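Pasting final-v2.cif here (mmCIF, C-alpha atoms):
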data_upload
loop_
_atom_site.group_PDB
_atom_site.id
_atom_site.type_symbol
_atom_site.label_atom_id
_atom_site.label_comp_id
_atom_site.auth_asym_id
_atom_site.auth_seq_id
_atom_site.Cartn_x
_atom_site.Cartn_y
_atom_site.Cartn_z
ATOM 1 C CA MET A 1 -0.751 -34.459 -25.232
ATOM 2 C CA ASN A 2 -3.700 -35.866 -27.099
ATOM 3 C CA SER A 3 -6.601 -33.472 -27.067
ATOM 4 C CA ASN A 4 -9.063 -36.329 -27.629
ATOM 5 C CA VAL A 5 -9.106 -37.036 -23.912
ATOM 6 C CA TYR A 6 -11.499 -35.061 -21.730
ATOM 7 C CA ILE A 7 -11.983 -35.446 -18.002
ATOM 8 C CA LEU A 8 -15.172 -33.901 -16.661
ATOM 9 C CA VAL A 9 -15.147 -33.413 -12.921
ATOM 10 C CA GLY A 10 -18.116 -32.203 -10.922
ATOM 11 C CA ASN A 11 -21.642 -32.670 -9.702
ATOM 12 C CA ASP A 12 -23.539 -30.673 -12.295
ATOM 13 C CA THR A 13 -25.068 -33.506 -14.334
ATOM 14 C CA ASN A 14 -26.750 -31.143 -16.774
ATOM 15 C CA LEU A 15 -23.492 -29.420 -17.536
ATOM 16 C CA ILE A 16 -21.754 -32.788 -17.894
ATOM 17 C CA ASP A 17 -24.452 -34.094 -20.288
ATOM 18 C CA ASN A 18 -24.381 -30.896 -22.334
ATOM 19 C CA THR A 19 -20.591 -31.058 -22.570
ATOM 20 C CA ILE A 20 -20.720 -34.676 -23.732
ATOM 21 C CA ASN A 21 -23.400 -33.848 -26.302
ATOM 22 C CA SER A 22 -21.469 -30.935 -27.698
ATOM 23 C CA ILE A 23 -18.280 -33.016 -27.989
ATOM 24 C CA VAL A 24 -20.141 -35.872 -29.681
ATOM 25 C CA SER A 25 -22.012 -33.631 -32.121
ATOM 26 C CA GLY A 26 -18.987 -31.417 -32.751
ATOM 27 C CA THR A 27 -16.803 -34.384 -33.662
ATOM 28 C CA ARG A 28 -19.546 -36.305 -35.493
ATOM 29 C CA THR A 29 -18.834 -39.456 -33.567
ATOM 30 C CA ARG A 30 -21.182 -41.978 -32.061
ATOM 31 C CA SER A 31 -21.038 -42.403 -28.317
ATOM 32 C CA GLU A 32 -20.517 -45.590 -26.403
ATOM 33 C CA SER A 33 -20.572 -46.005 -22.636
ATOM 34 C CA ILE A 34 -17.952 -48.200 -21.036
ATOM 35 C CA SER A 35 -16.916 -48.760 -17.445
ATOM 36 C CA ASP A 36 -13.265 -49.799 -17.744
ATOM 37 C CA VAL A 37 -11.014 -47.882 -20.096
ATOM 38 C CA LEU A 38 -8.025 -50.191 -19.752
ATOM 39 C CA ALA A 39 -10.135 -53.058 -21.098
ATOM 40 C CA ILE A 40 -10.542 -51.305 -24.443
ATOM 41 C CA VAL A 41 -7.040 -49.882 -24.922
ATOM 42 C CA SER A 42 -6.456 -52.088 -27.971
ATOM 43 C CA ARG A 43 -9.650 -50.774 -29.582
ATOM 44 C CA LEU A 44 -8.373 -47.245 -29.256
ATOM 45 C CA TYR A 45 -5.524 -48.054 -31.559
ATOM 46 C CA GLN A 46 -7.753 -49.765 -34.133
ATOM 47 C CA LYS A 47 -9.772 -48.178 -36.861
ATOM 48 C CA SER A 48 -13.465 -48.565 -36.249
ATOM 49 C CA LEU A 49 -15.177 -51.330 -38.226
ATOM 50 C CA TYR A 50 -17.511 -48.753 -39.665
ATOM 51 C CA ASP A 51 -14.706 -46.285 -40.180
ATOM 52 C CA GLU A 52 -16.531 -44.070 -37.770
ATOM 53 C CA PRO A 53 -14.693 -42.789 -34.735
ATOM 54 C CA VAL A 54 -16.256 -43.392 -31.356
ATOM 55 C CA THR A 55 -16.653 -41.196 -28.303
ATOM 56 C CA PHE A 56 -16.174 -43.464 -25.316
ATOM 57 C CA VAL A 57 -17.901 -42.155 -22.199
ATOM 58 C CA ILE A 58 -16.315 -43.682 -19.131
ATOM 59 C CA ARG A 59 -18.091 -42.988 -15.859
ATOM 60 C CA TYR A 60 -16.378 -43.212 -12.474
ATOM 61 C CA ASP A 61 -13.551 -45.516 -13.566
ATOM 62 C CA LEU A 62 -11.643 -45.356 -10.270
ATOM 63 C CA ALA A 63 -9.345 -48.221 -11.276
ATOM 64 C CA PHE A 64 -7.963 -45.938 -13.972
ATOM 65 C CA VAL A 65 -7.256 -43.206 -11.414
ATOM 66 C CA LYS A 66 -5.231 -45.739 -9.427
ATOM 67 C CA ALA A 67 -3.513 -47.214 -12.514
ATOM 68 C CA SER A 68 0.153 -46.678 -13.293
ATOM 69 C CA GLU A 69 1.549 -43.706 -15.147
ATOM 70 C CA SER A 70 2.407 -45.974 -18.080
ATOM 71 C CA ASP A 71 -1.294 -46.875 -18.388
ATOM 72 C CA TRP A 72 -2.184 -43.179 -18.367
ATOM 73 C CA LYS A 73 0.393 -42.593 -21.099
ATOM 74 C CA LYS A 74 -1.204 -45.337 -23.241
ATOM 75 C CA ILE A 75 -4.419 -43.372 -23.109
ATOM 76 C CA VAL A 76 -3.094 -39.891 -23.807
ATOM 77 C CA GLU A 77 -0.747 -41.106 -26.516
ATOM 78 C CA ASN A 78 -3.539 -42.816 -28.420
ATOM 79 C CA LYS A 79 -3.476 -41.169 -31.820
ATOM 80 C CA SER A 80 -6.733 -42.545 -33.158
ATOM 81 C CA ASP A 81 -9.728 -40.386 -33.917
ATOM 82 C CA ASN A 82 -11.573 -41.945 -31.018
ATOM 83 C CA ILE A 83 -12.474 -39.665 -28.178
ATOM 84 C CA LEU A 84 -12.420 -40.476 -24.490
ATOM 85 C CA ILE A 85 -14.554 -38.656 -21.981
ATOM 86 C CA PHE A 86 -13.954 -39.598 -18.371
ATOM 87 C CA ILE A 87 -16.439 -38.506 -15.752
ATOM 88 C CA TYR A 88 -15.691 -38.166 -12.059
ATOM 89 C CA GLN A 89 -17.596 -36.473 -9.275
ATOM 90 C CA THR A 90 -14.427 -35.381 -7.528
ATOM 91 C CA LEU A 91 -10.694 -35.755 -7.963
ATOM 92 C CA ASP A 92 -7.930 -35.024 -5.491
ATOM 93 C CA LYS A 93 -6.218 -31.930 -6.840
ATOM 94 C CA ARG A 94 -3.008 -32.891 -5.054
ATOM 95 C CA GLY A 95 -3.020 -36.379 -6.549
ATOM 96 C CA LYS A 96 -0.756 -37.604 -9.364
ATOM 97 C CA PHE A 97 -3.737 -38.340 -11.598
ATOM 98 C CA TYR A 98 -5.022 -34.768 -11.409
ATOM 99 C CA LYS A 99 -1.591 -33.357 -12.094
ATOM 100 C CA PHE A 100 -0.930 -35.755 -14.977
ATOM 101 C CA PHE A 101 -4.218 -34.938 -16.709
ATOM 102 C CA SER A 102 -4.497 -31.327 -15.531
ATOM 103 C CA THR A 103 -4.663 -29.955 -19.086
ATOM 104 C CA HIS A 104 -7.551 -32.303 -19.944
ATOM 105 C CA ILE A 105 -9.754 -31.525 -16.957
ATOM 106 C CA ILE A 106 -12.986 -29.570 -17.284
ATOM 107 C CA GLU A 107 -14.645 -28.565 -14.036
ATOM 108 C CA CYS A 108 -18.412 -29.059 -14.025
ATOM 109 C CA MET A 109 -19.327 -27.901 -10.545
ATOM 110 C CA LYS A 110 -22.774 -26.662 -9.636
ATOM 111 C CA GLU A 111 -22.439 -23.058 -8.563
ATOM 112 C CA GLU A 112 -23.983 -22.416 -5.175
ATOM 113 C CA GLU A 113 -25.046 -18.875 -4.412
ATOM 114 C CA ASN A 114 -22.583 -17.512 -1.925
ATOM 115 C CA PHE A 115 -24.274 -15.350 0.664
ATOM 116 C CA THR A 116 -21.122 -14.938 2.723
ATOM 117 C CA TYR A 117 -19.507 -12.554 0.231
ATOM 118 C CA ALA A 118 -22.819 -10.771 -0.377
ATOM 119 C CA PHE A 119 -23.295 -10.313 3.378
ATOM 120 C CA VAL A 120 -19.796 -8.894 3.801
ATOM 121 C CA ASP A 121 -20.077 -6.496 0.865
ATOM 122 C CA ASN A 122 -23.543 -5.275 1.834
ATOM 123 C CA PHE A 123 -22.454 -4.864 5.432
ATOM 124 C CA CYS A 124 -19.469 -2.769 4.415
ATOM 125 C CA LEU A 125 -21.670 -0.694 2.114
ATOM 126 C CA HIS A 126 -24.149 -0.187 5.000
ATOM 127 C CA ARG A 127 -27.137 -1.547 3.050
ATOM 128 C CA LEU A 128 -29.529 -2.561 5.777
ATOM 129 C CA SER A 129 -32.225 -4.467 3.867
ATOM 130 C CA SER A 130 -29.735 -6.406 1.721
ATOM 131 C CA VAL A 131 -27.559 -7.261 4.687
ATOM 132 C CA ILE A 132 -30.496 -8.699 6.649
ATOM 133 C CA GLU A 133 -31.605 -10.688 3.598
ATOM 134 C CA CYS A 134 -28.100 -12.152 3.233
ATOM 135 C CA ALA A 135 -27.721 -12.837 6.973
ATOM 136 C CA GLU A 136 -30.860 -14.955 6.843
ATOM 137 C CA GLN A 137 -29.465 -16.982 3.955
ATOM 138 C CA VAL A 138 -26.019 -17.677 5.467
ATOM 139 C CA LYS A 139 -25.951 -21.157 6.995
ATOM 140 C CA ASP A 140 -25.163 -21.430 10.716
ATOM 141 C CA GLU A 141 -22.026 -23.432 9.974
ATOM 142 C CA ASP A 142 -20.757 -20.688 7.632
ATOM 143 C CA ALA A 143 -21.149 -17.883 10.186
ATOM 144 C CA LEU A 144 -17.628 -18.153 11.622
ATOM 145 C CA GLY A 145 -16.166 -17.999 8.121
ATOM 146 C CA THR A 146 -18.385 -15.018 7.354
ATOM 147 C CA PHE A 147 -17.225 -13.213 10.508
ATOM 148 C CA SER A 148 -13.627 -13.994 9.661
ATOM 149 C CA LEU A 149 -14.006 -12.569 6.151
ATOM 150 C CA LEU A 150 -15.837 -9.506 7.457
ATOM 151 C CA TYR A 151 -13.181 -8.958 10.123
ATOM 152 C CA SER A 152 -10.387 -9.020 7.619
ATOM 153 C CA LYS A 153 -12.251 -6.677 5.259
ATOM 154 C CA VAL A 154 -13.173 -4.160 7.965
ATOM 155 C CA ARG A 155 -9.591 -4.245 9.214
ATOM 156 C CA THR A 156 -8.354 -3.488 5.701
ATOM 157 C CA ILE A 157 -10.853 -0.635 5.319
ATOM 158 C CA LEU A 158 -9.747 0.796 8.665
ATOM 159 C CA GLN A 159 -6.099 0.684 7.624
ATOM 160 C CA ILE A 160 -6.803 2.430 4.311
ATOM 161 C CA GLN A 161 -9.197 4.961 5.820
ATOM 162 C CA ASP A 162 -6.917 5.884 8.696
ATOM 163 C CA THR A 163 -3.897 6.558 6.509
ATOM 164 C CA PRO A 164 -3.345 10.324 6.291
ATOM 165 C CA LYS A 165 -3.920 11.813 2.805
ATOM 166 C CA ASN A 166 -0.299 12.812 2.276
ATOM 167 C CA VAL A 167 1.016 9.326 3.093
ATOM 168 C CA ASN A 168 1.475 6.499 0.582
ATOM 169 C CA ILE A 169 -1.113 3.846 1.501
ATOM 170 C CA ILE A 170 0.898 0.894 0.169
ATOM 171 C CA GLU A 171 3.999 1.864 2.142
ATOM 172 C CA ASN A 172 2.002 2.722 5.234
ATOM 173 C CA THR A 173 -0.213 -0.357 5.392
ATOM 174 C CA GLY A 174 1.745 -3.047 3.581
ATOM 175 C CA LEU A 175 -1.432 -3.858 1.623
ATOM 176 C CA THR A 176 -1.153 -4.602 -2.083
ATOM 177 C CA ASN A 177 -2.299 -2.193 -4.746
ATOM 178 C CA GLY A 178 -5.055 -4.607 -5.809
ATOM 179 C CA VAL A 179 -6.468 -4.914 -2.290
ATOM 180 C CA ILE A 180 -6.433 -1.144 -1.848
ATOM 181 C CA PHE A 181 -8.060 -0.567 -5.238
ATOM 182 C CA TYR A 182 -10.814 -3.127 -4.585
ATOM 183 C CA ASN A 183 -11.598 -1.827 -1.096
ATOM 184 C CA LYS A 184 -11.581 1.884 -1.915
ATOM 185 C CA LYS A 185 -15.332 1.810 -2.547
ATOM 186 C CA PHE A 186 -15.895 0.834 1.084
ATOM 187 C CA VAL A 187 -13.783 3.649 2.506
ATOM 188 C CA GLY A 188 -15.590 6.499 4.255
ATOM 189 C CA ILE A 189 -18.899 4.686 4.723
ATOM 190 C CA TYR A 190 -18.254 4.098 8.424
ATOM 191 C CA ASP A 191 -16.184 6.445 10.565
ATOM 192 C CA THR A 192 -13.041 5.102 12.186
ATOM 193 C CA SER A 193 -14.555 4.548 15.618
ATOM 194 C CA SER A 194 -17.450 2.578 14.076
ATOM 195 C CA LEU A 195 -14.966 0.356 12.245
ATOM 196 C CA VAL A 196 -13.131 -0.328 15.509
ATOM 197 C CA ASN A 197 -16.492 -1.003 17.143
ATOM 198 C CA ILE A 198 -17.391 -3.504 14.407
ATOM 199 C CA LEU A 199 -14.088 -5.351 14.876
ATOM 200 C CA THR A 200 -14.702 -5.489 18.604
ATOM 201 C CA TRP A 201 -18.220 -6.872 18.105
ATOM 202 C CA ILE A 202 -16.977 -9.495 15.672
ATOM 203 C CA ASP A 203 -14.441 -10.623 18.272
ATOM 204 C CA VAL A 204 -17.136 -10.860 20.952
ATOM 205 C CA LEU A 205 -19.677 -12.659 18.748
ATOM 206 C CA THR A 206 -17.141 -15.109 17.357
ATOM 207 C CA ARG A 207 -16.361 -16.200 20.894
ATOM 208 C CA LYS A 208 -20.062 -16.530 21.681
ATOM 209 C CA ILE A 209 -20.472 -18.873 18.719
ATOM 210 C CA LYS A 210 -17.413 -20.900 19.708
ATOM 211 C CA VAL A 211 -18.705 -21.495 23.228
ATOM 212 C CA GLY A 212 -22.183 -22.284 21.920
ATOM 213 C CA ALA A 213 -23.845 -19.235 23.463
ATOM 214 C CA LEU A 214 -25.135 -18.058 20.074
ATOM 215 C CA GLU A 215 -26.122 -19.751 16.824
ATOM 216 C CA GLY A 216 -24.182 -18.533 13.791
ATOM 217 C CA LYS A 217 -27.062 -16.813 12.012
ATOM 218 C CA GLN A 218 -28.290 -15.266 15.266
ATOM 219 C CA ALA A 219 -24.834 -13.779 15.807
ATOM 220 C CA LEU A 220 -24.761 -12.266 12.314
ATOM 221 C CA LEU A 221 -28.139 -10.621 12.853
ATOM 222 C CA PHE A 222 -27.004 -9.478 16.297
ATOM 223 C CA LEU A 223 -24.039 -7.728 14.703
ATOM 224 C CA VAL A 224 -26.317 -5.997 12.221
ATOM 225 C CA VAL A 225 -28.583 -4.796 15.026
ATOM 226 C CA MET A 226 -25.650 -3.513 17.076
ATOM 227 C CA VAL A 227 -23.999 -1.663 14.213
ATOM 228 C CA PHE A 228 -26.804 -0.324 11.991
ATOM 229 C CA MET B 1 14.747 -1.227 17.060
ATOM 230 C CA ASP B 2 15.439 -3.895 19.649
ATOM 231 C CA TYR B 3 12.778 -5.920 21.404
ATOM 232 C CA GLU B 4 12.762 -4.003 24.671
ATOM 233 C CA GLN B 5 12.675 -0.682 22.883
ATOM 234 C CA LEU B 6 9.718 -1.870 20.808
ATOM 235 C CA LEU B 7 7.791 -2.830 23.948
ATOM 236 C CA GLU B 8 8.582 0.513 25.586
ATOM 237 C CA ASN B 9 7.611 2.431 22.468
ATOM 238 C CA ILE B 10 4.252 0.692 22.359
ATOM 239 C CA ALA B 11 3.557 1.331 26.027
ATOM 240 C CA GLU B 12 4.610 4.979 25.915
ATOM 241 C CA ASN B 13 3.207 6.045 22.559
ATOM 242 C CA ILE B 14 0.209 3.907 21.684
ATOM 243 C CA ASN B 15 -2.223 6.610 22.853
ATOM 244 C CA ASP B 16 -0.876 8.926 20.178
ATOM 245 C CA ILE B 17 -1.188 6.447 17.301
ATOM 246 C CA ASN B 18 -4.328 6.290 15.181
ATOM 247 C CA PHE B 19 -6.215 2.984 15.007
ATOM 248 C CA GLY B 20 -5.185 2.245 11.432
ATOM 249 C CA ASN B 21 -1.534 2.481 12.352
ATOM 250 C CA ILE B 22 -1.985 0.588 15.615
ATOM 251 C CA LEU B 23 -2.881 -2.471 13.516
ATOM 252 C CA LYS B 24 0.560 -2.353 11.880
ATOM 253 C CA ILE B 25 2.092 -3.572 15.132
ATOM 254 C CA ARG B 26 0.761 -7.040 14.294
ATOM 255 C CA LYS B 27 3.612 -7.465 11.812
ATOM 256 C CA TYR B 28 6.020 -8.003 14.723
ATOM 257 C CA ILE B 29 4.037 -10.963 16.006
ATOM 258 C CA LYS B 30 4.087 -14.582 14.972
ATOM 259 C CA ILE B 31 0.404 -15.373 14.336
ATOM 260 C CA LYS B 32 0.813 -18.395 12.051
ATOM 261 C CA ASP B 33 3.588 -20.961 12.318
ATOM 262 C CA THR B 34 5.010 -19.677 9.053
ATOM 263 C CA ASP B 35 5.204 -16.055 10.272
ATOM 264 C CA ASP B 36 8.364 -14.415 11.439
ATOM 265 C CA GLY B 37 8.032 -12.480 14.643
ATOM 266 C CA PHE B 38 7.740 -12.691 18.372
ATOM 267 C CA GLU B 39 5.710 -15.403 20.062
ATOM 268 C CA LEU B 40 2.468 -13.750 21.170
ATOM 269 C CA SER B 41 2.138 -14.966 24.785
ATOM 270 C CA GLN B 42 5.752 -14.152 25.530
ATOM 271 C CA PHE B 43 5.369 -10.743 23.916
ATOM 272 C CA LEU B 44 2.386 -9.963 26.144
ATOM 273 C CA ILE B 45 4.171 -11.192 29.272
ATOM 274 C CA ASP B 46 7.221 -9.093 28.431
ATOM 275 C CA PHE B 47 4.998 -6.117 27.700
ATOM 276 C CA SER B 48 3.405 -6.352 31.129
ATOM 277 C CA HIS B 49 6.890 -6.448 32.712
ATOM 278 C CA VAL B 50 7.844 -3.298 30.829
ATOM 279 C CA CYS B 51 4.611 -1.658 32.010
ATOM 280 C CA MET B 52 5.424 -2.643 35.560
ATOM 281 C CA HIS B 53 8.789 -0.857 35.359
ATOM 282 C CA LEU B 54 7.237 2.215 33.725
ATOM 283 C CA SER B 55 4.491 2.273 36.318
ATOM 284 C CA CYS B 56 7.054 2.357 39.132
ATOM 285 C CA GLU B 57 9.110 5.035 37.399
ATOM 286 C CA GLU B 58 6.321 7.352 36.288
ATOM 287 C CA LYS B 59 3.614 6.673 38.863
ATOM 288 C CA SER B 60 0.982 6.700 36.130
ATOM 289 C CA LYS B 61 -2.256 4.719 36.282
ATOM 290 C CA VAL B 62 -2.075 4.151 32.532
ATOM 291 C CA TYR B 63 0.514 1.386 32.824
ATOM 292 C CA ALA B 64 -1.414 -0.427 35.536
ATOM 293 C CA LYS B 65 -4.478 -0.402 33.279
ATOM 294 C CA MET B 66 -2.343 -1.689 30.419
ATOM 295 C CA ILE B 67 -1.206 -4.593 32.598
ATOM 296 C CA LEU B 68 -4.850 -5.467 33.330
ATOM 297 C CA ALA B 69 -5.706 -5.387 29.620
ATOM 298 C CA THR B 70 -2.679 -7.565 28.900
ATOM 299 C CA ILE B 71 -3.682 -10.125 31.532
ATOM 300 C CA GLN B 72 -7.122 -10.240 29.902
ATOM 301 C CA ALA B 73 -5.523 -10.896 26.486
ATOM 302 C CA LEU B 74 -3.362 -13.662 27.967
ATOM 303 C CA ASN B 75 -6.493 -15.249 29.457
ATOM 304 C CA ASP B 76 -8.263 -14.975 26.103
ATOM 305 C CA LEU B 77 -5.387 -16.799 24.433
ATOM 306 C CA ASN B 78 -6.034 -19.785 26.687
ATOM 307 C CA GLU B 79 -9.620 -20.172 25.468
ATOM 308 C CA SER B 80 -10.167 -23.088 23.152
ATOM 309 C CA GLY B 81 -10.253 -22.028 19.505
ATOM 310 C CA ALA B 82 -8.740 -18.649 20.371
ATOM 311 C CA ASN B 83 -8.053 -16.475 17.346
ATOM 312 C CA LYS B 84 -4.597 -15.045 18.000
ATOM 313 C CA ALA B 85 -4.843 -12.323 15.369
ATOM 314 C CA MET B 86 -8.144 -10.984 16.695
ATOM 315 C CA ILE B 87 -7.007 -11.164 20.312
ATOM 316 C CA PHE B 88 -3.885 -9.203 19.458
ATOM 317 C CA ASP B 89 -5.842 -6.521 17.558
ATOM 318 C CA MET B 90 -8.345 -6.202 20.408
ATOM 319 C CA TRP B 91 -5.517 -5.899 22.897
ATOM 320 C CA LEU B 92 -3.964 -3.118 20.809
ATOM 321 C CA PHE B 93 -7.303 -1.275 20.688
ATOM 322 C CA ASP B 94 -7.754 -1.768 24.432
ATOM 323 C CA ILE B 95 -4.374 -0.398 25.415
ATOM 324 C CA GLY B 96 -4.697 2.335 22.778
ATOM 325 C CA ARG B 97 -7.870 3.589 24.448
ATOM 326 C CA ILE B 98 -6.393 3.730 27.930
ATOM 327 C CA SER B 99 -5.811 7.180 29.307
ATOM 328 C CA ASP B 100 -5.117 8.733 32.696
ATOM 329 C CA GLU B 101 -8.625 10.137 32.992
ATOM 330 C CA GLN B 102 -10.436 6.780 32.864
#
As structure tokens, please, write out the structure in this file.
Amino acid sequence: MNSNVYILVGNDTNLIDNTINSIVSGTRTRSESISDVLAIVSRLYQKSLYDEPVTFVIRYDLAFVKASESDWKKIVENKSDNILIFIYQTLDKRGKFYKFFSTHIIECMKEEENFTYAFVDNFCLHRLSSVIECAEQVKDEDALGTFSLLYSKVRTILQIQDTPKNVNIIENTGLTNGVIFYNKKFVGIYDTSSLVNILTWIDVLTRKIKVGALEGKQALLFLVVMVF
Amino acid sequence: MDYEQLLENIAENINDINFGNILKIRKYIKIKDTDDGFELSQFLIDFSHVCMHLSCEEKSKVYAKMILATIQALNDLNESGANKAMIFDMWLFDIGRISDEQ
């Protein structure tokens, strides 16, 4: 496949602009914005009038996403020195287009700080101030997901912790080596009955959220108060 | 181990199993559609029947308490948005904690 085709997907406009700039300067081309790539297919196969290859920047050309596979082939099989940079905010990863161009795609997503994982880790490490800080940052709508992740982690810790020393943990629990290795640092921080207590509280609070008796964030803080 | 024997083993021995190992029982249950295992509601109903027989045979309060905990789990399963995996774990903890002295 032609490596002169790039597809930038994401919402991080700075990252997208920087990527375009580095491609343009790295290839010593001049850039030109177009809206419809299929309208300039013939130009791709021509030498530039100035003998200077062009970087075509094509933003949100949805017609091209819906075009036929033969049209896509025309683009990737273009052997000129011209460069094509397509920009899309999102693409369906299950779609034919994504699969066809998968090796050309560069993800440019804005990273959002994930407080769910931080909450879970700090909770399992019994770090009170950090866990409260994280609980306040988790959005209400993410609370059920946070509880679910915490439940599964605490359950894993309980299984590892409660396996007798002379017994093989993998055989006993059915957990993978990687999961056991990663979670070993959380083992022994809570005693077994506290871990069972945490699981029970998560069950209770999850139900309270589902019936609307508690807001998500409230429930997370409630758990912290009950356990710490 | 056949199905009935599994149910009897759980009822008779769960008090002696540590909590970490209790959770292993979940592998016999179909939580997701893609899982192999016994259908959860039916498993709980069958478990309560086994407890009923054991209760008659052994005259122990433990099995009556297990039936109550099982009825609670069956009720919980009927709640909208019920999380089968959590309900099953909680049920295991509940019946694991039951003793004659309570």
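Note on the selection: in this file the PyMOL selection byres ((chain A and resi 113-122) around 6) comes out as Glu112, Phe123, Cys124, Leu125, Arg127, Val131, Cys134, Val138, Thr146 and Leu150 of chain A.
Residues from chain A found within 6 Å of chain B are Leu158, Gln159 and Asp162 of chain A, counting only C-alpha atoms.
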Report task. Tell me, as JSON, numbers by chain, which residues lie within 8 Å of stretch 72-74 of chain A, counting all atoms listed in the file; anything in the same chain fewer than 5 positions away does not count. Result -> {"A": [41, 64, 67]}
Could the residues in this selection be saved with C-alpha atoms as a PDB file, in the frame of the given file?
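What follows is the written file part_34.pdb:
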ATOM      1  CA  VAL A  41      -7.040 -49.882 -24.922  1.00  0.00           C
ATOM      2  CA  PHE A  64      -7.963 -45.938 -13.972  1.00  0.00           C
ATOM      3  CA  ALA A  67      -3.513 -47.214 -12.514  1.00  0.00           C
TER       4      ALA A  67
END
Requested in this report: Return as a PyMOL selection string the set of residues that the PyMOL selection byres ((chain B and resi 75) around 12) yields on the displayed structure.
Outcome: chain B and resi 41+44-45+68-74+76-80+82+84+87-88+91
Report task. For the structure shown, which residues end up in the PyMOL selection byres ((chain B and resi 62-64) around 7)? Put them as an MDAnalysis selection string, please? Result -> chainID B and resid 51:52 54:55 60:61 65:68 98:100
Would you write out those residues with C-alpha atoms, as a tab-separated table (two decimals), in the frame of the given file?
chain	number	residue	atom	x	y	z
B	51	CYS	CA	4.61	-1.66	32.01
B	52	MET	CA	5.42	-2.64	35.56
B	54	LEU	CA	7.24	2.22	33.72
B	55	SER	CA	4.49	2.27	36.32
B	60	SER	CA	0.98	6.70	36.13
B	61	LYS	CA	-2.26	4.72	36.28
B	65	LYS	CA	-4.48	-0.40	33.28
B	66	MET	CA	-2.34	-1.69	30.42
B	67	ILE	CA	-1.21	-4.59	32.60
B	68	LEU	CA	-4.85	-5.47	33.33
B	98	ILE	CA	-6.39	3.73	27.93
B	99	SER	CA	-5.81	7.18	29.31
B	100	ASP	CA	-5.12	8.73	32.70
**Report entry** Best match for closeness to B:Lys30 among B:Val50, B:Ala85, B:Asn13, B:Glu4, counting all atoms listed in the file
**Finding:**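 Between B:Val50, B:Ala85, B:Asn13, B:Glu4, the residue approaching B:Lys30 most closely is B:Ala85.
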Query raised in the report: What does the distance between atom CA of A:Phe86 and atom CA of A:Phe56 come to in Å, to one decimal place?
Result: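 Computed distance, atom CA of A:Phe86 to atom CA of A:Phe56, equals 8.3 Å.
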Query - Interatomic distance (Å, one decimal) between atom CA of A:Leu220 and atom CA of A:Val187 - result: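 Between these atoms lies a distance of 21.7 Å.
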Query - Between atom CA of A:Ile170 and atom CA of A:Arg155, distance in Å (one decimal) - result: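 Distance between the two atoms: 14.8 Å.
Nearest residue to B:His49, choosing from B:Leu7, B:Lys32, B:Ile25, B:Gly37 and counting all atoms listed in the file: B:Leu7.
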Requested in this report: Rank A:Leu149, A:Leu195, A:Leu221, A:Ile132 by their smallest atom-to-atom distance to A:Gln161, using all atoms listed in the file, and report the top residue only.
Outcome: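 Looking only at the distances to A:Gln161, the closest residue turns out to be A:Leu195.
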Query raised in the report: List as a PyMOL selection string: which residues have an atom within 12 Å of (-11.6, 0.7, -1.4), counting all atoms listed in the file?
Result: chain A and resi 121+124-125+153-161+169+175-189
Query - Selected residue of minimal separation from B:Ser48 among B:Arg26, B:Asp33, B:Ile17, B:Ala11, counting all atoms listed in the file - result: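 Counting all atoms listed in the file, the residue closest to B:Ser48 is B:Ala11.
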Report summary line: If you count only C-alpha atoms, the residue of A:Leu8, A:His104, A:Pro53, A:Ile83 closest to A:Val37 turns out to be A:Ile83
Query raised in the report: Which neighbours of A:Val65 fall inside 10 Å, counting only C-alpha atoms, when residues of the same chain fewer than 5 positions from it are skipped, and could you give them as a list in words?
Result: Tyr60, Asp71, Trp72, Tyr88, Leu91, Gly95, Lys96, Phe97 and Tyr98 of chain A
Might I get the box with edges along x, y and z of the file that holds all atoms of stretch 40-58 of chain B listed there, padded by 6 Å on every side, given as centre and edge lengths in Å to one decimal, as AutoDock Vina command-line options?
--center_x 5.6 --center_y -3.8 --center_z 30.2 --size_x 19.0 --size_y 34.3 --size_z 30.0
Requested in this report: Give the answer as one residue: which of A:Asn172, A:Ser25, A:Thr103, A:Ser35 has the shortest atom-to-atom distance to A:Val76, using all atoms listed in the file?
Outcome: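 The closest residue to A:Val76 is A:Thr103.
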Within 10 Å of B:Tyr28, counting only C-alpha atoms, which residues qualify if same-chain residues fewer than 3 places away don't, as a short mmCIF file (atom, residue, chain, number, x, y, z; two decimals) with C-alpha atoms, in the frame of the given file?
data_model
loop_
_atom_site.label_atom_id
_atom_site.label_comp_id
_atom_site.auth_asym_id
_atom_site.auth_seq_id
_atom_site.Cartn_x
_atom_site.Cartn_y
_atom_site.Cartn_z
CA TYR B 3 12.78 -5.92 21.40
CA LEU B 6 9.72 -1.87 20.81
CA LYS B 24 0.56 -2.35 11.88
CA ILE B 25 2.09 -3.57 15.13
CA ILE B 31 0.40 -15.37 14.34
CA ASP B 35 5.20 -16.06 10.27
CA ASP B 36 8.36 -14.42 11.44
CA GLY B 37 8.03 -12.48 14.64
CA PHE B 38 7.74 -12.69 18.37
CA GLU B 39 5.71 -15.40 20.06
CA LEU B 40 2.47 -13.75 21.17
CA PHE B 43 5.37 -10.74 23.92
#
Query - Residue contacts of A:Ile7 (9 Å, only C-alpha atoms) excluding same-chain residues fewer than 5 positions away, as a PyMOL selection string - result: chain A and resi 84-88+101-102+104-107
